[in-house]
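Have a look at my_file_32.pdb; it's PDB, C-alpha atoms, pLDDT in the B column:
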```pdb
ATOM      1  CA  ARG A 168      28.312  51.059 131.829  1.00 78.00           C
ATOM      2  CA  LYS A 169      28.838  54.567 130.447  1.00 86.00           C
ATOM      3  CA  GLU A 170      25.926  56.058 128.518  1.00 91.00           C
ATOM      4  CA  VAL A 171      28.257  57.134 125.711  1.00 95.00           C
ATOM      5  CA  GLU A 172      31.350  55.085 124.973  1.00 95.00           C
ATOM      6  CA  GLN A 173      34.354  56.196 122.952  1.00 95.00           C
ATOM      7  CA  ASP A 174      37.827  54.822 122.414  1.00 90.00           C
ATOM      8  CA  PRO A 175      39.987  57.401 124.229  1.00 89.00           C
ATOM      9  CA  GLY A 176      42.945  56.859 121.881  1.00 88.00           C
ATOM     10  CA  PRO A 177      45.238  58.634 121.386  1.00 93.00           C
ATOM     11  CA  PHE A 178      45.128  58.377 117.635  1.00 94.00           C
ATOM     12  CA  ASN A 179      48.474  59.477 116.193  1.00 96.00           C
ATOM     13  CA  VAL A 180      48.277  60.031 112.443  1.00 96.00           C
ATOM     14  CA  PRO A 181      50.424  61.806 109.823  1.00 97.00           C
ATOM     15  CA  GLU A 182      49.207  64.889 108.012  1.00 97.00           C
ATOM     16  CA  GLY A 183      46.974  63.992 105.110  1.00 97.00           C
ATOM     17  CA  ALA A 184      45.740  60.764 106.659  1.00 97.00           C
ATOM     18  CA  THR A 185      42.115  59.751 106.981  1.00 97.00           C
ATOM     19  CA  VAL A 186      40.999  58.889 110.490  1.00 96.00           C
ATOM     20  CA  ALA A 187      37.708  57.554 111.819  1.00 96.00           C
ATOM     21  CA  PHE A 188      36.265  57.757 115.317  1.00 94.00           C
ATOM     22  CA  ASN A 189      33.425  55.647 116.594  1.00 94.00           C
ATOM     23  CA  CYS A 190      31.024  56.019 119.453  1.00 95.00           C
ATOM     24  CA  THR A 191      28.182  53.944 120.876  1.00 96.00           C
ATOM     25  CA  TYR A 192      25.344  55.072 123.088  1.00 95.00           C
ATOM     26  CA  SER A 193      23.231  52.969 125.397  1.00 93.00           C
ATOM     27  CA  ASN A 194      19.919  54.810 125.614  1.00 88.00           C
ATOM     28  CA  SER A 195      17.706  54.118 122.635  1.00 85.00           C
ATOM     29  CA  ALA A 196      15.611  57.161 123.606  1.00 83.00           C
ATOM     30  CA  SER A 197      18.471  59.452 122.599  1.00 84.00           C
ATOM     31  CA  GLN A 198      17.185  61.918 120.052  1.00 81.00           C
ATOM     32  CA  SER A 199      19.976  64.230 119.011  1.00 86.00           C
ATOM     33  CA  PHE A 200      23.603  63.526 118.310  1.00 91.00           C
ATOM     34  CA  PHE A 201      26.657  65.710 117.999  1.00 93.00           C
ATOM     35  CA  TRP A 202      30.390  65.792 117.713  1.00 96.00           C
ATOM     36  CA  TYR A 203      32.074  68.483 119.760  1.00 96.00           C
ATOM     37  CA  ARG A 204      35.736  69.402 119.560  1.00 97.00           C
ATOM     38  CA  GLN A 205      37.743  70.373 122.628  1.00 96.00           C
ATOM     39  CA  ASP A 206      41.207  71.841 122.438  1.00 96.00           C
ATOM     40  CA  CYS A 207      43.557  71.482 125.391  1.00 92.00           C
ATOM     41  CA  ARG A 208      42.297  73.472 128.394  1.00 91.00           C
ATOM     42  CA  LYS A 209      39.507  75.037 126.326  1.00 94.00           C
ATOM     43  CA  GLU A 210      35.752  74.668 126.215  1.00 95.00           C
ATOM     44  CA  PRO A 211      33.938  72.169 123.988  1.00 96.00           C
ATOM     45  CA  LYS A 212      32.797  73.626 120.679  1.00 95.00           C
ATOM     46  CA  LEU A 213      30.202  72.140 118.384  1.00 93.00           C
ATOM     47  CA  LEU A 214      31.832  70.549 115.355  1.00 95.00           C
ATOM     48  CA  MET A 215      28.708  69.165 113.734  1.00 92.00           C
ATOM     49  CA  SER A 216      25.324  67.671 114.388  1.00 89.00           C
ATOM     50  CA  VAL A 217      24.776  64.095 113.249  1.00 89.00           C
ATOM     51  CA  TYR A 218      21.731  63.014 111.274  1.00 78.00           C
ATOM     52  CA  SER A 219      20.466  59.594 110.265  1.00 79.00           C
ATOM     53  CA  SER A 220      21.038  60.429 106.630  1.00 80.00           C
ATOM     54  CA  GLY A 221      24.656  61.295 107.348  1.00 83.00           C
ATOM     55  CA  ASN A 222      26.104  64.705 106.870  1.00 89.00           C
ATOM     56  CA  GLU A 223      29.293  66.194 105.558  1.00 92.00           C
ATOM     57  CA  ASP A 224      31.058  69.463 106.261  1.00 92.00           C
ATOM     58  CA  GLY A 225      34.194  69.870 104.205  1.00 95.00           C
ATOM     59  CA  ARG A 226      36.680  67.227 105.306  1.00 97.00           C
ATOM     60  CA  PHE A 227      34.373  65.973 108.070  1.00 97.00           C
ATOM     61  CA  THR A 228      31.670  63.347 107.634  1.00 96.00           C
ATOM     62  CA  ALA A 229      29.376  62.141 110.398  1.00 95.00           C
ATOM     63  CA  GLN A 230      27.124  59.097 110.337  1.00 94.00           C
ATOM     64  CA  LEU A 231      24.431  57.798 112.668  1.00 94.00           C
ATOM     65  CA  ASN A 232      23.117  54.243 112.854  1.00 92.00           C
ATOM     66  CA  ARG A 233      20.113  54.241 115.160  1.00 90.00           C
ATOM     67  CA  ALA A 234      19.577  50.489 114.923  1.00 91.00           C
ATOM     68  CA  SER A 235      23.114  49.822 116.172  1.00 92.00           C
ATOM     69  CA  GLN A 236      23.191  52.936 118.383  1.00 93.00           C
ATOM     70  CA  TYR A 237      26.451  53.884 116.752  1.00 93.00           C
ATOM     71  CA  ILE A 238      27.871  57.237 115.670  1.00 95.00           C
ATOM     72  CA  SER A 239      30.981  57.871 113.601  1.00 95.00           C
ATOM     73  CA  LEU A 240      33.149  60.767 112.532  1.00 96.00           C
ATOM     74  CA  LEU A 241      35.487  60.600 109.549  1.00 97.00           C
ATOM     75  CA  ILE A 242      38.194  63.191 109.017  1.00 97.00           C
ATOM     76  CA  ARG A 243      39.846  63.253 105.611  1.00 98.00           C
ATOM     77  CA  ASP A 244      43.165  64.903 104.699  1.00 98.00           C
ATOM     78  CA  SER A 245      44.064  65.525 108.362  1.00 98.00           C
ATOM     79  CA  LYS A 246      45.678  68.849 109.212  1.00 97.00           C
ATOM     80  CA  LEU A 247      47.930  69.693 112.134  1.00 97.00           C
ATOM     81  CA  SER A 248      45.148  71.967 113.357  1.00 97.00           C
ATOM     82  CA  ASP A 249      42.799  68.981 113.684  1.00 98.00           C
ATOM     83  CA  SER A 250      44.742  67.855 116.764  1.00 97.00           C
ATOM     84  CA  ALA A 251      42.234  67.966 119.606  1.00 97.00           C
ATOM     85  CA  THR A 252      39.863  65.818 121.632  1.00 97.00           C
ATOM     86  CA  TYR A 253      36.664  64.849 119.846  1.00 97.00           C
ATOM     87  CA  LEU A 254      33.641  64.399 122.068  1.00 97.00           C
ATOM     88  CA  CYS A 255      30.684  62.252 121.097  1.00 97.00           C
ATOM     89  CA  VAL A 256      27.550  63.793 122.588  1.00 95.00           C
ATOM     90  CA  VAL A 257      23.921  62.692 122.712  1.00 93.00           C
ATOM     91  CA  SER A 258      20.825  64.353 124.046  1.00 88.00           C
ATOM     92  CA  GLN A 259      17.557  63.004 125.371  1.00 76.00           C
ATOM     93  CA  LEU A 260      14.414  65.011 125.783  1.00 64.00           C
ATOM     94  CA  SER A 261      13.364  63.993 129.257  1.00 59.00           C
ATOM     95  CA  GLY A 262      11.101  66.262 131.280  1.00 55.00           C
ATOM     96  CA  ASN A 263      11.739  69.019 128.766  1.00 62.00           C
ATOM     97  CA  THR A 264      15.437  69.220 129.471  1.00 67.00           C
ATOM     98  CA  GLY A 265      17.955  69.246 126.668  1.00 79.00           C
ATOM     99  CA  LYS A 266      20.883  68.089 128.757  1.00 88.00           C
ATOM    100  CA  LEU A 267      23.859  66.743 126.875  1.00 92.00           C
ATOM    101  CA  ILE A 268      25.439  63.376 127.655  1.00 94.00           C
ATOM    102  CA  PHE A 269      29.141  63.292 126.831  1.00 96.00           C
ATOM    103  CA  GLY A 270      31.524  60.531 125.975  1.00 96.00           C
ATOM    104  CA  GLN A 271      34.974  60.665 127.484  1.00 95.00           C
ATOM    105  CA  GLY A 272      36.469  61.906 124.225  1.00 95.00           C
ATOM    106  CA  THR A 273      38.918  60.591 121.650  1.00 96.00           C
ATOM    107  CA  THR A 274      42.273  62.320 121.395  1.00 96.00           C
ATOM    108  CA  LEU A 275      43.698  62.961 117.941  1.00 97.00           C
ATOM    109  CA  GLN A 276      47.290  64.013 117.364  1.00 97.00           C
ATOM    110  CA  VAL A 277      48.207  64.859 113.780  1.00 97.00           C
ATOM    111  CA  LYS A 278      51.951  64.762 113.167  1.00 96.00           C
ATOM    112  CA  PRO A 279      53.892  66.563 110.396  1.00 94.00           C
TER
ATOM    113  CA  GLU B 272      28.338  89.008 119.877  1.00 64.00           C
ATOM    114  CA  ALA B 273      29.859  88.115 123.253  1.00 80.00           C
ATOM    115  CA  GLY B 274      30.001  84.440 124.100  1.00 93.00           C
ATOM    116  CA  VAL B 275      29.368  82.716 127.403  1.00 96.00           C
ATOM    117  CA  THR B 276      31.644  84.098 130.081  1.00 97.00           C
ATOM    118  CA  GLN B 277      32.612  82.529 133.384  1.00 98.00           C
ATOM    119  CA  PHE B 278      34.302  83.899 136.458  1.00 97.00           C
ATOM    120  CA  PRO B 279      36.742  83.150 137.953  1.00 97.00           C
ATOM    121  CA  SER B 280      38.853  81.251 135.456  1.00 97.00           C
ATOM    122  CA  HIS B 281      40.669  79.481 138.289  1.00 96.00           C
ATOM    123  CA  SER B 282      40.004  79.023 141.983  1.00 97.00           C
ATOM    124  CA  VAL B 283      42.127  77.282 144.591  1.00 97.00           C
ATOM    125  CA  ILE B 284      40.505  76.830 147.983  1.00 97.00           C
ATOM    126  CA  GLU B 285      40.893  74.680 151.033  1.00 96.00           C
ATOM    127  CA  LYS B 286      38.548  71.912 152.007  1.00 96.00           C
ATOM    128  CA  GLY B 287      35.644  73.303 153.989  1.00 96.00           C
ATOM    129  CA  GLN B 288      35.701  76.727 152.361  1.00 97.00           C
ATOM    130  CA  THR B 289      32.997  78.188 150.140  1.00 97.00           C
ATOM    131  CA  VAL B 290      33.377  79.053 146.492  1.00 97.00           C
ATOM    132  CA  THR B 291      30.939  80.797 144.168  1.00 98.00           C
ATOM    133  CA  LEU B 292      31.222  80.442 140.423  1.00 98.00           C
ATOM    134  CA  ARG B 293      29.507  82.825 138.030  1.00 98.00           C
ATOM    135  CA  CYS B 294      28.235  82.349 134.496  1.00 98.00           C
ATOM    136  CA  ASP B 295      26.978  85.013 132.111  1.00 97.00           C
ATOM    137  CA  PRO B 296      25.141  83.394 129.187  1.00 96.00           C
ATOM    138  CA  ILE B 297      24.861  84.770 125.703  1.00 94.00           C
ATOM    139  CA  SER B 298      22.400  87.641 125.722  1.00 92.00           C
ATOM    140  CA  GLY B 299      18.880  86.467 124.940  1.00 89.00           C
ATOM    141  CA  HIS B 300      19.530  82.819 125.758  1.00 91.00           C
ATOM    142  CA  ASP B 301      16.844  81.588 128.128  1.00 90.00           C
ATOM    143  CA  ASN B 302      18.468  78.197 128.667  1.00 91.00           C
ATOM    144  CA  LEU B 303      21.496  77.953 130.917  1.00 95.00           C
ATOM    145  CA  TYR B 304      23.265  74.726 131.800  1.00 95.00           C
ATOM    146  CA  TRP B 305      25.988  73.819 134.273  1.00 97.00           C
ATOM    147  CA  TYR B 306      28.325  70.896 133.606  1.00 98.00           C
ATOM    148  CA  ARG B 307      31.384  69.546 135.376  1.00 97.00           C
ATOM    149  CA  ARG B 308      34.416  67.523 134.371  1.00 96.00           C
ATOM    150  CA  VAL B 309      36.385  65.855 137.114  1.00 95.00           C
ATOM    151  CA  MET B 310      39.861  64.466 136.434  1.00 89.00           C
ATOM    152  CA  GLY B 311      39.821  61.470 134.134  1.00 86.00           C
ATOM    153  CA  LYS B 312      36.061  61.466 133.676  1.00 92.00           C
ATOM    154  CA  GLU B 313      33.660  62.683 131.040  1.00 95.00           C
ATOM    155  CA  ILE B 314      31.836  66.006 131.215  1.00 96.00           C
ATOM    156  CA  LYS B 315      28.660  65.532 133.244  1.00 96.00           C
ATOM    157  CA  PHE B 316      25.459  67.535 133.419  1.00 96.00           C
ATOM    158  CA  LEU B 317      24.623  69.277 136.683  1.00 97.00           C
ATOM    159  CA  LEU B 318      21.519  71.340 136.059  1.00 94.00           C
ATOM    160  CA  HIS B 319      19.454  73.347 133.623  1.00 93.00           C
ATOM    161  CA  PHE B 320      17.697  76.684 134.033  1.00 93.00           C
ATOM    162  CA  VAL B 321      14.998  78.073 131.813  1.00 91.00           C
ATOM    163  CA  LYS B 322      15.061  81.750 132.605  1.00 92.00           C
ATOM    164  CA  GLU B 323      15.075  81.843 136.390  1.00 93.00           C
ATOM    165  CA  SER B 324      13.461  78.438 136.926  1.00 92.00           C
ATOM    166  CA  LYS B 325      15.317  75.213 137.565  1.00 93.00           C
ATOM    167  CA  GLN B 326      14.114  72.874 134.852  1.00 89.00           C
ATOM    168  CA  ASP B 327      16.278  69.887 135.727  1.00 90.00           C
ATOM    169  CA  GLU B 328      18.678  69.533 138.629  1.00 92.00           C
ATOM    170  CA  SER B 329      19.065  65.778 138.435  1.00 91.00           C
ATOM    171  CA  GLY B 330      22.840  66.021 138.029  1.00 94.00           C
ATOM    172  CA  MET B 331      23.574  67.992 141.181  1.00 95.00           C
ATOM    173  CA  PRO B 332      25.826  65.767 143.292  1.00 93.00           C
ATOM    174  CA  ASN B 333      24.502  66.714 146.737  1.00 92.00           C
ATOM    175  CA  ASN B 334      23.108  69.555 148.825  1.00 94.00           C
ATOM    176  CA  ARG B 335      26.487  71.234 149.137  1.00 96.00           C
ATOM    177  CA  PHE B 336      25.842  72.621 145.656  1.00 97.00           C
ATOM    178  CA  LEU B 337      23.428  75.510 145.205  1.00 97.00           C
ATOM    179  CA  ALA B 338      22.688  77.125 141.869  1.00 97.00           C
ATOM    180  CA  GLU B 339      20.722  80.306 141.333  1.00 97.00           C
ATOM    181  CA  ARG B 340      19.693  82.435 138.409  1.00 96.00           C
ATOM    182  CA  THR B 341      17.914  85.411 139.866  1.00 86.00           C
ATOM    183  CA  GLY B 342      16.239  87.546 137.223  1.00 88.00           C
ATOM    184  CA  GLY B 343      16.963  84.993 134.552  1.00 85.00           C
ATOM    185  CA  THR B 344      20.261  86.540 133.494  1.00 92.00           C
ATOM    186  CA  TYR B 345      23.530  85.389 135.017  1.00 96.00           C
ATOM    187  CA  SER B 346      23.813  82.305 137.204  1.00 98.00           C
ATOM    188  CA  THR B 347      25.884  81.402 140.220  1.00 98.00           C
ATOM    189  CA  LEU B 348      26.926  77.993 141.471  1.00 98.00           C
ATOM    190  CA  LYS B 349      27.970  77.891 145.090  1.00 98.00           C
ATOM    191  CA  VAL B 350      29.797  74.997 146.719  1.00 97.00           C
ATOM    192  CA  GLN B 351      29.603  75.026 150.501  1.00 96.00           C
ATOM    193  CA  PRO B 352      31.538  73.455 152.123  1.00 96.00           C
ATOM    194  CA  ALA B 353      33.910  72.343 149.386  1.00 96.00           C
ATOM    195  CA  GLU B 354      35.342  68.830 149.466  1.00 96.00           C
ATOM    196  CA  LEU B 355      38.380  67.393 147.697  1.00 96.00           C
ATOM    197  CA  GLU B 356      36.225  65.506 145.194  1.00 95.00           C
ATOM    198  CA  ASP B 357      34.666  68.773 144.007  1.00 97.00           C
ATOM    199  CA  SER B 358      37.874  69.621 142.149  1.00 97.00           C
ATOM    200  CA  GLY B 359      37.414  69.812 138.405  1.00 97.00           C
ATOM    201  CA  VAL B 360      36.408  72.100 135.596  1.00 97.00           C
ATOM    202  CA  TYR B 361      32.963  73.642 135.797  1.00 98.00           C
ATOM    203  CA  PHE B 362      31.464  74.619 132.456  1.00 98.00           C
ATOM    204  CA  CYS B 363      28.453  76.750 131.804  1.00 97.00           C
ATOM    205  CA  ALA B 364      26.560  76.613 128.529  1.00 96.00           C
ATOM    206  CA  SER B 365      23.612  78.483 127.100  1.00 94.00           C
ATOM    207  CA  SER B 366      21.171  77.980 124.280  1.00 90.00           C
ATOM    208  CA  GLN B 367      18.358  79.965 122.765  1.00 84.00           C
ATOM    209  CA  THR B 368      15.900  77.099 122.903  1.00 71.00           C
ATOM    210  CA  ARG B 369      15.790  73.502 124.102  1.00 59.00           C
ATOM    211  CA  ILE B 370      13.489  72.334 121.334  1.00 61.00           C
ATOM    212  CA  TRP B 371      15.514  70.206 119.003  1.00 55.00           C
ATOM    213  CA  GLY B 372      15.369  70.541 115.281  1.00 56.00           C
ATOM    214  CA  GLN B 373      14.883  74.270 115.074  1.00 52.00           C
ATOM    215  CA  GLY B 374      18.553  75.097 114.754  1.00 54.00           C
ATOM    216  CA  GLN B 375      18.606  77.211 117.856  1.00 56.00           C
ATOM    217  CA  GLU B 376      19.245  74.476 120.374  1.00 76.00           C
ATOM    218  CA  THR B 377      23.004  74.472 120.039  1.00 84.00           C
ATOM    219  CA  GLN B 378      24.614  74.817 123.429  1.00 90.00           C
ATOM    220  CA  TYR B 379      27.517  77.251 123.516  1.00 93.00           C
ATOM    221  CA  PHE B 380      30.030  76.664 126.243  1.00 96.00           C
ATOM    222  CA  GLY B 381      31.968  79.094 128.353  1.00 97.00           C
ATOM    223  CA  PRO B 382      35.706  78.691 128.982  1.00 96.00           C
ATOM    224  CA  GLY B 383      35.117  77.000 132.325  1.00 97.00           C
ATOM    225  CA  THR B 384      36.238  77.570 135.893  1.00 98.00           C
ATOM    226  CA  ARG B 385      39.050  75.336 137.090  1.00 97.00           C
ATOM    227  CA  LEU B 386      38.434  74.554 140.749  1.00 97.00           C
ATOM    228  CA  LEU B 387      41.053  72.948 142.936  1.00 97.00           C
ATOM    229  CA  VAL B 388      40.146  71.993 146.483  1.00 97.00           C
ATOM    230  CA  LEU B 389      43.148  71.273 148.710  1.00 96.00           C
TER
END
```

Just dump the structure as structure tokens.
Amino acid sequence: RKEVEQDPGPFNVPEGATVAFNCTYSNSASQSFFWYRQDCRKEPKLLMSVYSSGNEDGRFTAQLNRASQYISLLIRDSKLSDSATYLCVVSQLSGNTGKLIFGQGTTLQVKP
Amino acid sequence: EAGVTQFPSHSVIEKGQTVTLRCDPISGHDNLYWYRRVMGKEIKFLLHFVKESKQDESGMPNNRFLAERTGGTYSTLKVQPAELEDSGVYFCASSQTRIWGQGQETQYFGPGTRLLVL
């Protein structure tokens, strides 16, 4: 079983739509949670950190449910430029390493 | 401020040859990570340096892979001899700290080296 599971999609949505991505993680010792964005043939870039209280950054809202080991990302008013792969990422502090554990990514395609 | 840089951007080699990948982290970042994405799989951790010391090399696939960070600046990852299954994208990332919650633990990724072993 993968440590971080995501629906790979693709999600094809029209401009202006609201889309939600979900992710589950298996290790309850996970301590930090992130969504990274990766454009085609580019490096992953941090989109936002995810906190238990939930956090919002413009059109993006992230939620964490530690009890269910579930992370979500909501994108409102989708733009063409939101088309990318969204990576769910967790981190565990084990032996003082901050290594990141990645999901396989969810592909979003926003159509005009 | 310059980001994480990696060299080369692409490398095509034959099975059995040696390849050395280089990563230059963001200046002042003590933490340097190597990750790899093979076709169809998720990005996976290889190892972590703090300055010149290997903090965690639990993700290194086997002893054909050797990573160094002499002087605690740039790092190299050597694959010798390369096998077909080593093909993929090798990412390097750096962070200022590995202590979470201080806002300086964000890992910034380089553009990656695309390795193809034929």

For this session: Identify all residues satisfying the ChimeraX specification (/B :<6) & /A in the given file; provide them as a ChimeraX atom specification.
Result: /A:209-210,265,269-271

Exercise. What does the PyMOL selection byres ((chain A and resi 249) around 8) select in this file, as a PyMOL selection string?
Worked result: chain A and resi 245-248+250-251+275-277

Could those selected residues go to a file with C-alpha atoms, as a compact mmCIF listing (two decimals), keeping the file's coordinate frame?
```txt
# COMPACT_ATOMS: atom_id res chain seq x y z
CA SER A 245 44.06 65.53 108.36
CA LYS A 246 45.68 68.85 109.21
CA LEU A 247 47.93 69.69 112.13
CA SER A 248 45.15 71.97 113.36
CA SER A 250 44.74 67.86 116.76
CA ALA A 251 42.23 67.97 119.61
CA LEU A 275 43.70 62.96 117.94
CA GLN A 276 47.29 64.01 117.36
CA VAL A 277 48.21 64.86 113.78
```

For this session: For CA of Leu240 (chain A) and CA of Cys207 (chain A), determine how far apart the two atoms are, in Å to one decimal place.
Result: 19.7 Å

Problem set entry | Picked residues, the PyMOL selection byres ((chain A and resi 199) around 8), as number ranges by chain | A: 197-198, 200-201, 216-217, 257-259; B: 371

For this session: Fewer than 3 positions away in the same chain doesn't count, so skip those; otherwise give me all residues within 7 Å of His300 (chain B), counting all atoms listed in the file, as a list in words.
Result: Pro296, Ile297, Ser365, Ser366 and Gln367 of chain B

For this session: Could you please give me, as a list in words, the residues of protein, DNA or RNA lying at most 12 Å from (26.1, 53.7, 133.8) in the coordinate frame of the file, considering all atoms listed in the file?
Result: Arg168, Lys169, Glu170, Val171, Glu172, Tyr192, Ser193, Asn194, Ile268 and Gly270 of chain A

Exercise. Do you have the CA of Phe278 (chain B)-CA of Tyr361 (chain B) distance handy?
Worked result: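 Rounded to one decimal, the two atoms are 10.4 Å apart.
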
Exercise. At what distance in Å, to one decimal, does CA of Trp202 (chain A) lie from CA of Leu254 (chain A)?
Worked result: 5.6 Å
